[in-house]
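Enquirer: Coordinates in work.tsv, TSV, C-alpha atoms and all ligand atoms, are listed below.
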chain	number	residue	atom	x	y	z
J	1	MET	CA	-15.12	40.44	-12.07
J	2	SER	CA	-17.70	37.65	-11.83
J	3	ASP	CA	-20.68	37.46	-14.15
J	4	ILE	CA	-23.69	39.37	-12.90
J	5	ILE	CA	-26.01	36.45	-13.72
J	6	ASP	CA	-24.74	32.88	-13.52
J	7	LEU	CA	-27.15	29.94	-13.77
J	8	GLN	CA	-25.84	26.40	-13.59
J	9	ASN	CA	-28.02	23.42	-14.53
J	10	VAL	CA	-31.19	25.07	-13.25
J	11	ARG	CA	-34.39	23.05	-13.13
J	12	LYS	CA	-37.79	24.33	-12.10
J	13	GLU	CA	-40.68	21.94	-11.68
J	14	TYR	CA	-44.29	22.78	-10.96
J	15	GLY	CA	-45.64	19.42	-9.79
J	16	SER	CA	-45.11	17.10	-12.75
J	17	VAL	CA	-44.42	19.99	-15.18
J	18	ALA	CA	-40.75	20.76	-15.81
J	19	ALA	CA	-40.76	24.45	-16.79
J	20	LEU	CA	-36.94	24.63	-16.95
J	21	ARG	CA	-34.88	21.53	-17.76
J	22	GLY	CA	-31.27	22.19	-16.83
J	23	VAL	CA	-30.57	25.76	-17.95
J	24	SER	CA	-27.01	27.10	-17.74
J	25	LEU	CA	-26.26	30.64	-18.80
J	26	ARG	CA	-24.02	33.53	-17.90
J	27	VAL	CA	-24.49	37.24	-18.47
J	28	GLY	CA	-21.64	39.68	-17.93
J	29	ARG	CA	-21.91	43.09	-16.29
J	30	GLY	CA	-23.10	45.74	-18.71
J	31	GLU	CA	-24.55	43.34	-21.29
J	32	PHE	CA	-27.90	43.81	-23.05
J	33	VAL	CA	-29.44	40.38	-23.61
J	34	ALA	CA	-32.81	39.29	-24.95
J	35	ILE	CA	-34.36	35.95	-24.03
J	36	VAL	CA	-36.72	35.03	-26.82
J	37	GLY	CA	-39.09	32.11	-27.13
J	38	PRO	CA	-42.72	31.19	-27.75
J	39	SER	CA	-45.48	31.22	-25.14
J	40	GLY	CA	-45.00	28.44	-22.59
J	41	SER	CA	-41.27	28.02	-23.29
J	42	GLY	CA	-40.23	29.03	-19.75
J	43	LYS	CA	-39.40	32.75	-20.13
J	44	SER	CA	-41.44	33.93	-17.13
J	45	THR	CA	-40.11	31.13	-14.98
J	46	LEU	CA	-36.56	32.08	-15.93
J	47	LEU	CA	-37.29	35.74	-15.16
J	48	GLN	CA	-38.68	34.80	-11.73
J	49	LEU	CA	-35.51	32.86	-10.92
J	50	MET	CA	-33.05	35.45	-12.27
J	51	GLY	CA	-35.04	38.20	-10.54
J	52	THR	CA	-34.79	36.27	-7.23
J	53	LEU	CA	-38.60	36.15	-6.97
J	54	ASP	CA	-38.48	32.35	-6.81
J	55	ARG	CA	-35.97	29.60	-6.14
J	56	PRO	CA	-35.01	26.70	-8.44
J	57	THR	CA	-35.99	23.09	-7.77
J	58	SER	CA	-32.32	22.23	-8.35
J	59	GLY	CA	-29.22	23.86	-9.77
J	60	THR	CA	-27.49	27.12	-8.84
J	61	VAL	CA	-28.58	30.72	-9.36
J	62	ARG	CA	-25.95	33.37	-8.65
J	63	ILE	CA	-26.95	37.02	-8.97
J	64	ASP	CA	-24.39	39.78	-8.55
J	65	GLY	CA	-22.08	37.32	-6.81
J	66	HIS	CA	-24.70	35.95	-4.40
J	67	ASP	CA	-25.84	32.32	-4.42
J	68	VAL	CA	-29.60	32.74	-4.06
J	69	ALA	CA	-29.85	29.44	-2.12
J	70	SER	CA	-27.59	30.81	0.62
J	71	LEU	CA	-29.71	33.92	1.29
J	72	SER	CA	-32.71	34.23	3.61
J	73	ASP	CA	-35.95	35.67	2.28
J	74	ALA	CA	-35.11	39.00	3.95
J	75	GLN	CA	-31.64	39.05	2.36
J	76	LEU	CA	-33.19	38.23	-1.02
J	77	SER	CA	-35.69	41.09	-0.64
J	78	ALA	CA	-32.81	43.44	0.17
J	79	LEU	CA	-30.83	42.23	-2.85
J	80	ARG	CA	-33.87	42.83	-5.07
J	81	ALA	CA	-34.59	46.27	-3.62
J	82	GLN	CA	-30.98	47.46	-4.01
J	83	ARG	CA	-29.81	45.81	-7.20
J	84	ILE	CA	-32.74	44.81	-9.41
J	85	GLY	CA	-35.36	46.75	-11.35
J	86	PHE	CA	-38.42	45.27	-13.10
J	87	VAL	CA	-40.55	46.54	-15.96
J	88	PHE	CA	-43.64	44.60	-17.06
J	89	GLN	CA	-45.95	44.60	-20.05
J	90	GLN	CA	-48.83	45.95	-17.93
J	91	PHE	CA	-46.84	48.92	-16.50
J	92	HIS	CA	-48.11	48.25	-12.91
J	93	LEU	CA	-48.35	51.90	-11.93
J	94	ALA	CA	-50.52	52.98	-8.99
J	95	ALA	CA	-53.72	54.60	-10.31
J	96	GLY	CA	-54.54	58.08	-9.03
J	97	VAL	CA	-50.91	58.68	-8.04
J	98	SER	CA	-48.72	61.22	-9.87
J	99	ALA	CA	-45.80	60.09	-12.02
J	100	VAL	CA	-43.26	61.50	-9.58
J	101	ASP	CA	-44.90	59.73	-6.60
J	102	ASN	CA	-45.13	56.47	-8.55
J	103	VAL	CA	-41.37	56.65	-9.16
J	104	ALA	CA	-40.50	57.82	-5.62
J	105	ASP	CA	-42.64	55.08	-4.01
J	106	GLY	CA	-40.65	52.48	-5.96
J	107	MET	CA	-37.71	53.28	-3.65
J	108	LEU	CA	-39.68	52.81	-0.39
J	109	TYR	CA	-37.71	49.73	0.59
J	110	GLN	CA	-34.23	51.00	-0.19
J	111	GLY	CA	-33.70	52.98	3.01
J	112	ILE	CA	-33.65	56.33	1.20
J	113	ALA	CA	-35.07	59.42	2.95
J	114	PRO	CA	-38.31	60.86	1.44
J	115	ALA	CA	-36.74	64.10	0.15
J	116	LYS	CA	-33.93	62.15	-1.52
J	117	ARG	CA	-36.47	59.72	-3.04
J	118	ARG	CA	-38.29	62.64	-4.62
J	119	GLU	CA	-35.05	64.13	-5.91
J	120	LEU	CA	-34.05	60.82	-7.51
J	121	ALA	CA	-37.59	60.40	-8.92
J	122	VAL	CA	-37.45	63.81	-10.59
J	123	ALA	CA	-34.02	63.05	-12.07
J	124	SER	CA	-35.18	59.65	-13.30
J	125	LEU	CA	-38.30	61.07	-14.98
J	126	GLU	CA	-36.18	63.74	-16.63
J	127	ARG	CA	-33.82	61.06	-17.92
J	128	VAL	CA	-36.70	59.21	-19.63
J	129	GLY	CA	-37.93	62.47	-21.19
J	130	LEU	CA	-40.91	63.04	-18.87
J	131	GLY	CA	-39.75	66.15	-17.04
J	132	HIS	CA	-42.96	67.85	-18.23
J	133	ARG	CA	-45.25	65.10	-16.90
J	134	MET	CA	-44.22	64.91	-13.22
J	135	GLU	CA	-47.66	65.57	-11.74
J	136	HIS	CA	-49.66	63.66	-14.35
J	137	ARG	CA	-51.49	60.53	-13.22
J	138	PRO	CA	-51.33	57.30	-15.23
J	139	ASN	CA	-54.78	57.88	-16.79
J	140	GLN	CA	-53.53	61.25	-18.09
J	141	LEU	CA	-50.59	59.64	-19.89
J	142	SER	CA	-50.29	57.67	-23.14
J	143	GLY	CA	-49.26	54.00	-23.06
J	144	GLY	CA	-45.73	54.88	-24.12
J	145	GLU	CA	-45.48	57.54	-21.41
J	146	ARG	CA	-46.78	55.09	-18.79
J	147	GLN	CA	-44.12	52.60	-19.75
J	148	ARG	CA	-41.47	55.31	-19.55
J	149	VAL	CA	-42.71	56.13	-16.01
J	150	ALA	CA	-42.37	52.41	-15.22
J	151	VAL	CA	-38.79	52.44	-16.59
J	152	ALA	CA	-38.03	55.57	-14.55
J	153	ARG	CA	-39.36	53.82	-11.43
J	154	ALA	CA	-37.37	50.66	-12.10
J	155	THR	CA	-34.11	52.57	-12.59
J	156	ALA	CA	-34.41	55.55	-10.18
J	157	GLY	CA	-32.35	53.74	-7.55
J	158	SER	CA	-29.61	52.83	-10.08
J	159	PRO	CA	-30.07	49.04	-10.06
J	160	SER	CA	-27.32	46.80	-11.46
J	161	ILE	CA	-29.81	44.78	-13.50
J	162	LEU	CA	-33.02	45.78	-15.26
J	163	PHE	CA	-35.43	43.01	-16.22
J	164	ALA	CA	-37.95	44.02	-18.86
J	165	ASP	CA	-40.72	41.46	-19.44
J	166	GLU	CA	-42.46	42.13	-22.80
J	167	PRO	CA	-42.07	45.89	-22.21
J	168	THR	CA	-43.44	46.78	-25.65
J	169	GLY	CA	-46.28	44.23	-25.65
J	170	ASN	CA	-49.01	46.81	-24.96
J	171	LEU	CA	-47.57	49.61	-27.11
J	172	ASP	CA	-47.94	50.69	-30.72
J	173	SER	CA	-44.81	50.34	-32.83
J	174	VAL	CA	-43.67	53.97	-32.43
J	175	ALA	CA	-44.02	53.96	-28.63
J	176	GLY	CA	-42.45	50.49	-28.54
J	177	ALA	CA	-39.43	51.71	-30.50
J	178	ASP	CA	-39.06	54.64	-28.07
J	179	VAL	CA	-39.01	52.26	-25.11
J	180	MET	CA	-36.40	50.07	-26.82
J	181	THR	CA	-34.27	53.17	-27.49
J	182	LEU	CA	-34.57	54.06	-23.82
J	183	LEU	CA	-33.44	50.59	-22.73
J	184	GLY	CA	-30.45	50.93	-25.06
J	185	GLU	CA	-29.53	54.28	-23.48
J	186	LEU	CA	-29.77	52.88	-19.95
J	187	ASN	CA	-27.54	50.00	-21.06
J	188	ARG	CA	-24.97	52.41	-22.51
J	189	ASP	CA	-24.99	54.18	-19.13
J	190	GLY	CA	-23.95	50.91	-17.49
J	191	THR	CA	-27.14	49.04	-16.53
J	192	THR	CA	-27.23	45.35	-17.42
J	193	VAL	CA	-30.51	44.83	-19.32
J	194	LEU	CA	-32.37	41.51	-19.64
J	195	LEU	CA	-35.26	41.70	-22.08
J	196	ILE	CA	-37.84	38.92	-22.20
J	197	THR	CA	-39.97	38.64	-25.32
J	198	HIS	CA	-41.74	36.27	-27.70
J	199	ASP	CA	-41.02	38.69	-30.57
J	200	ARG	CA	-37.80	38.13	-32.52
J	201	ASP	CA	-37.99	41.62	-34.05
J	202	VAL	CA	-37.99	43.12	-30.54
J	203	ALA	CA	-35.19	40.76	-29.47
J	204	ALA	CA	-33.12	41.93	-32.45
J	205	ASN	CA	-32.63	45.24	-30.60
J	206	ALA	CA	-30.34	43.42	-28.16
J	207	PRO	CA	-26.74	42.58	-29.14
J	208	ARG	CA	-27.04	39.09	-27.67
J	209	ASN	CA	-30.00	36.70	-27.78
J	210	PHE	CA	-30.78	33.46	-25.99
J	211	HIS	CA	-33.45	31.33	-27.63
J	212	ILE	CA	-35.53	29.27	-25.22
J	213	ARG	CA	-37.83	26.41	-26.13
J	214	ASP	CA	-39.55	23.80	-23.95
J	215	GLY	CA	-37.55	24.88	-20.90
J	216	ALA	CA	-34.13	24.66	-22.54
J	217	ILE	CA	-31.78	27.25	-24.07
J	218	THR	CA	-31.49	26.18	-27.70
J	219	LEU	CA	-29.21	29.01	-28.89
J	220	ASP	CA	-26.81	31.58	-27.44
J	221	SER	CA	-26.26	33.98	-30.36
J	222	SER	CA	-22.79	34.88	-29.02
J	223	THR	CA	-21.56	31.29	-29.50
J	224	GLY	CA	-24.08	29.83	-31.93
J	225	GLN	CA	-24.64	26.95	-29.46
J	226	GLY	CA	-27.33	25.87	-27.02
J	227	THR	CA	-26.36	26.13	-23.37
J	228	SER	CA	-28.72	23.76	-21.60
J	229	ILE	CA	-27.37	20.74	-19.79
J	230	GLY	CA	-29.33	17.55	-20.01
J	231	GLY	CA	-31.12	18.53	-23.22
J	232	MET	CA	-34.77	17.64	-23.45
J	233	ALA	CA	-34.71	14.66	-21.08
P	301	LIG	P1	-43.55	31.67	-20.92
P	301	LIG	O1	-43.26	32.82	-20.01
P	301	LIG	O2	-42.47	31.45	-21.95
P	301	LIG	O3	-44.90	31.75	-21.56
P	301	LIG	P2	-43.75	30.09	-18.47
P	301	LIG	O4	-42.46	30.20	-17.75
P	301	LIG	O5	-44.89	30.94	-18.00
P	301	LIG	O6	-43.51	30.31	-20.04
P	301	LIG	O7	-44.26	28.57	-18.44
P	301	LIG	C1	-43.42	27.44	-18.73
P	301	LIG	C2	-44.18	26.17	-18.43
P	301	LIG	O8	-44.39	26.04	-17.04
P	301	LIG	C3	-45.55	26.10	-19.08
P	301	LIG	O9	-45.81	24.75	-19.42
P	301	LIG	C4	-46.47	26.55	-17.96
P	301	LIG	O10	-47.76	26.00	-18.13
P	301	LIG	C5	-45.78	26.00	-16.74
P	301	LIG	N1	-46.01	26.83	-15.52
P	301	LIG	C6	-45.57	28.09	-15.33
P	301	LIG	N2	-45.92	28.53	-14.11
P	301	LIG	C7	-46.62	27.53	-13.50
P	301	LIG	C8	-47.23	27.36	-12.23
P	301	LIG	N3	-47.22	28.33	-11.30
P	301	LIG	N4	-47.85	26.17	-11.98
P	301	LIG	C9	-47.86	25.19	-12.91
P	301	LIG	N5	-47.29	25.27	-14.12
P	301	LIG	C10	-46.67	26.42	-14.43
Please express the file's structure as structure tokens.
Ligand code: ADP
Expert:
Amino acid sequence: MSDIIDLQNVRKEYGSVAALRGVSLRVGRGEFVAIVGPSGSGKSTLLQLMGTLDRPTSGTVRIDGHDVASLSDAQLSALRAQRIGFVFQQFHLAAGVSAVDNVADGMLYQGIAPAKRRELAVASLERVGLGHRMEHRPNQLSGGERQRVAVARATAGSPSILFADEPTGNLDSVAGADVMTLLGELNRDGTTVLLITHDRDVAANAPRNFHIRDGAITLDSSTGQGTSIGGMA
């Protein structure tokens, strides 16, 4: 089977700034990979491209067998809705909306009937250990619980890939460790997990790390080599 993420010589330029300088990397189905690098190294840009939220200036991005360049915006939106989940540092839950509705509303664009959305939302909240918090609103939950609601929302529709962008950045160490445990469990159940972080201790939770610096992959821990083409030019 093909790799679930396959980037070949990807460049991304913002005007005269080259945020990514020829990145090539592959991630297999079912892997748990952390991309780790300092602020400004290109992590968010890489996430946007792998998450099909943006297109490269040059190079090829293939996600779940699809060349992103060959898809229309509508096809890309459908690919994202069906196959990709996102979790962010800031949780991004709707205020004043219960946990179960936050999770159910995350499936609005997947063509799932309302009753089925609610059923999946309940199951997903139970899986993250929040079966007793269904009707709580975000302001009635701790930071760790909010992030678990966000994970439940991102995974309720059984995406192939979960992108987690600094998911522990706003949490204390205990709640952060719980979220990392949860990501590990989802990975063991078959979800490919891509974790983005500036924190090497957090990245150490993942079996494979890519180090990124100045828009280039300087190390793939599985080979001990960098993977960028074109180096720093
Ligand atoms: P990180 O997520 O590792 O902090 P980013 O991907 O956000 O890194 O940024 C990589 C580089 O690209 C930085 O030099 C940043 O200033 C630049 N950059 C990112 N997004 C934009 C943008 N929309 N416009 C201009 N420059 C950008």
Enquirer: Quick one: distance from atom CA of Ile4 of chain J to atom CA of Leu25 of chain J in Å, one decimal?
Expert: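 Answer for the atom CA of Ile4 of chain J to atom CA of Leu25 of chain J separation: 10.8 Å.
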Enquirer: What residues have any atom no more than 6 Å from ligand LIG 301 (chain P) when counting all atoms listed in the file, and can you list them as a count of residues only?
Expert: 10
Enquirer: Give me, please, the distance in Å between atom CA of Leu162 of chain J and atom CA of Val87 of chain J, quoted to one decimal.
Expert: 7.6 Å
Enquirer: Report, in Å to a single decimal, how far apart atom CA of Gln82 of chain J and atom CA of Gly28 of chain J are.
Expert: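 It comes out at 18.5 Å.
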Enquirer: For a quick check of understanding, using only C-alpha atoms, which of J:Gln110, J:Thr223, J:Gln89, J:Ser70 has the smallest distance to Leu171 of chain J?
Expert: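 Smallest separation from Leu171 of chain J among the options: J:Gln89.
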Enquirer: When you look at Ser222 of chain J with a cut-off of 10 Å (counting only C-alpha atoms), what residues show up, excluding the ones that are within fewer than 2 positions of it in the same chain? I need them as a list in words.
Expert: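 The residues satisfying every condition are Pro207, Arg208, Asn209, Phe210, Leu219, Asp220, Gly224 and Gln225 of chain J.
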Enquirer: At a cut-off of 12 Å from (-57.8, 58.3, -16.6) in the coordinates of the file, what residues are picked up using all atoms listed in the file, written as a PyMOL selection string?
Expert: chain J and resi 94-98+136-143+146
Enquirer: I'd like the neighbourhood of Leu79 of chain J as number ranges by chain, where a residue qualifies if any of its atoms comes within 10 Å (using all atoms listed in the file), though same-chain residues fewer than 2 positions away should be ignored.
Expert: J: 51-52, 63-64, 66, 68, 71, 73-77, 81-84, 110, 159
Enquirer: Can you work out which one of J:Gly37, J:Gly176, J:Gly22, J:Pro114 has the shortest atom-to-atom distance to Thr60 of chain J, counting only C-alpha atoms?
Expert: J:Gly22
Enquirer: From the set J:Thr155, J:Ser228, J:Ser58, J:Ser124, which residue has the shortest atom-to-atom contact distance to Gly190 of chain J, counting only C-alpha atoms?
Expert: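 For Gly190 of chain J, the nearest of the candidates is J:Thr155.
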Enquirer: Using only C-alpha atoms, can you tell me which of J:Ser2, J:Val61, J:Val103, J:His92 comes closest to Val23 of chain J?
Expert: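 That would be J:Val61, the residue with the smallest distance to Val23 of chain J.
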Enquirer: Residues near Gln90 of chain J, anyone? I mean within 9 Å using all atoms listed in the file, not counting same-chain ones fewer than 2 positions away, as number ranges by chain.
Expert: J: 87-88, 92-93, 147, 166-167, 169-170
Enquirer: Looking at all atoms listed in the file, which of J:Gly144, J:Leu7, J:Leu130, J:Met107 is the one that sits closest to Val174 of chain J?
Expert: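 Among the listed residues, the smallest separation from Val174 of chain J belongs to J:Gly144.
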Enquirer: Which one is closest to Val151 of chain J: J:Ser173, J:Ser221, J:Asn205, J:Asn102? Count all atoms listed in the file.
Expert: J:Asn102
Enquirer: Residues within 9 Å of Asp101 of chain J, please, as a compact mmCIF listing (two decimals) with C-alpha atoms, in the frame of the given file. Count all atoms listed in the file; anything in the same chain fewer than 5 positions from it doesn't count.
Expert:
# COMPACT_ATOMS: atom_id res chain seq x y z
CA GLY J 106 -40.65 52.48 -5.96
CA ARG J 118 -38.29 62.64 -4.62
CA ALA J 121 -37.59 60.40 -8.92
CA MET J 134 -44.22 64.91 -13.22
CA GLU J 135 -47.66 65.57 -11.74
Enquirer: What residues have an atom no more than 12 Å from (-31.5, 46.9, -22.3) in the file's own frame, counting only C-alpha atoms, and can you write them as a ChimeraX atom specification?
Expert: /J:29-35,85-87,151,155,160-167,179-196,202-209
Enquirer: Output C-alpha atoms for every residue in that selection, as a PDB file, in the frame of the given file.
Expert:
ATOM      1  CA  ARG J  29     -21.910  43.090 -16.290  1.00  0.00           C
ATOM      2  CA  GLY J  30     -23.100  45.740 -18.710  1.00  0.00           C
ATOM      3  CA  GLU J  31     -24.550  43.340 -21.290  1.00  0.00           C
ATOM      4  CA  PHE J  32     -27.900  43.810 -23.050  1.00  0.00           C
ATOM      5  CA  VAL J  33     -29.440  40.380 -23.610  1.00  0.00           C
ATOM      6  CA  ALA J  34     -32.810  39.290 -24.950  1.00  0.00           C
ATOM      7  CA  ILE J  35     -34.360  35.950 -24.030  1.00  0.00           C
ATOM      8  CA  GLY J  85     -35.360  46.750 -11.350  1.00  0.00           C
ATOM      9  CA  PHE J  86     -38.420  45.270 -13.100  1.00  0.00           C
ATOM     10  CA  VAL J  87     -40.550  46.540 -15.960  1.00  0.00           C
ATOM     11  CA  VAL J 151     -38.790  52.440 -16.590  1.00  0.00           C
ATOM     12  CA  THR J 155     -34.110  52.570 -12.590  1.00  0.00           C
ATOM     13  CA  SER J 160     -27.320  46.800 -11.460  1.00  0.00           C
ATOM     14  CA  ILE J 161     -29.810  44.780 -13.500  1.00  0.00           C
ATOM     15  CA  LEU J 162     -33.020  45.780 -15.260  1.00  0.00           C
ATOM     16  CA  PHE J 163     -35.430  43.010 -16.220  1.00  0.00           C
ATOM     17  CA  ALA J 164     -37.950  44.020 -18.860  1.00  0.00           C
ATOM     18  CA  ASP J 165     -40.720  41.460 -19.440  1.00  0.00           C
ATOM     19  CA  GLU J 166     -42.460  42.130 -22.800  1.00  0.00           C
ATOM     20  CA  PRO J 167     -42.070  45.890 -22.210  1.00  0.00           C
ATOM     21  CA  VAL J 179     -39.010  52.260 -25.110  1.00  0.00           C
ATOM     22  CA  MET J 180     -36.400  50.070 -26.820  1.00  0.00           C
ATOM     23  CA  THR J 181     -34.270  53.170 -27.490  1.00  0.00           C
ATOM     24  CA  LEU J 182     -34.570  54.060 -23.820  1.00  0.00           C
ATOM     25  CA  LEU J 183     -33.440  50.590 -22.730  1.00  0.00           C
ATOM     26  CA  GLY J 184     -30.450  50.930 -25.060  1.00  0.00           C
ATOM     27  CA  GLU J 185     -29.530  54.280 -23.480  1.00  0.00           C
ATOM     28  CA  LEU J 186     -29.770  52.880 -19.950  1.00  0.00           C
ATOM     29  CA  ASN J 187     -27.540  50.000 -21.060  1.00  0.00           C
ATOM     30  CA  ARG J 188     -24.970  52.410 -22.510  1.00  0.00           C
ATOM     31  CA  ASP J 189     -24.990  54.180 -19.130  1.00  0.00           C
ATOM     32  CA  GLY J 190     -23.950  50.910 -17.490  1.00  0.00           C
ATOM     33  CA  THR J 191     -27.140  49.040 -16.530  1.00  0.00           C
ATOM     34  CA  THR J 192     -27.230  45.350 -17.420  1.00  0.00           C
ATOM     35  CA  VAL J 193     -30.510  44.830 -19.320  1.00  0.00           C
ATOM     36  CA  LEU J 194     -32.370  41.510 -19.640  1.00  0.00           C
ATOM     37  CA  LEU J 195     -35.260  41.700 -22.080  1.00  0.00           C
ATOM     38  CA  ILE J 196     -37.840  38.920 -22.200  1.00  0.00           C
ATOM     39  CA  VAL J 202     -37.990  43.120 -30.540  1.00  0.00           C
ATOM     40  CA  ALA J 203     -35.190  40.760 -29.470  1.00  0.00           C
ATOM     41  CA  ALA J 204     -33.120  41.930 -32.450  1.00  0.00           C
ATOM     42  CA  ASN J 205     -32.630  45.240 -30.600  1.00  0.00           C
ATOM     43  CA  ALA J 206     -30.340  43.420 -28.160  1.00  0.00           C
ATOM     44  CA  PRO J 207     -26.740  42.580 -29.140  1.00  0.00           C
ATOM     45  CA  ARG J 208     -27.040  39.090 -27.670  1.00  0.00           C
ATOM     46  CA  ASN J 209     -30.000  36.700 -27.780  1.00  0.00           C
TER      47      ASN J 209
END
Enquirer: Please put the answer as JSON: centre and edge lengths, in Å with one decimal, of a box along x, y and z that encloses all listed atoms of segment 15-23 of chain J plus 3 Å on each side.
Expert:
{"center_x": -38.1, "center_y": 21.4, "center_z": -13.9, "size_x": 21.1, "size_y": 14.7, "size_z": 14.2}
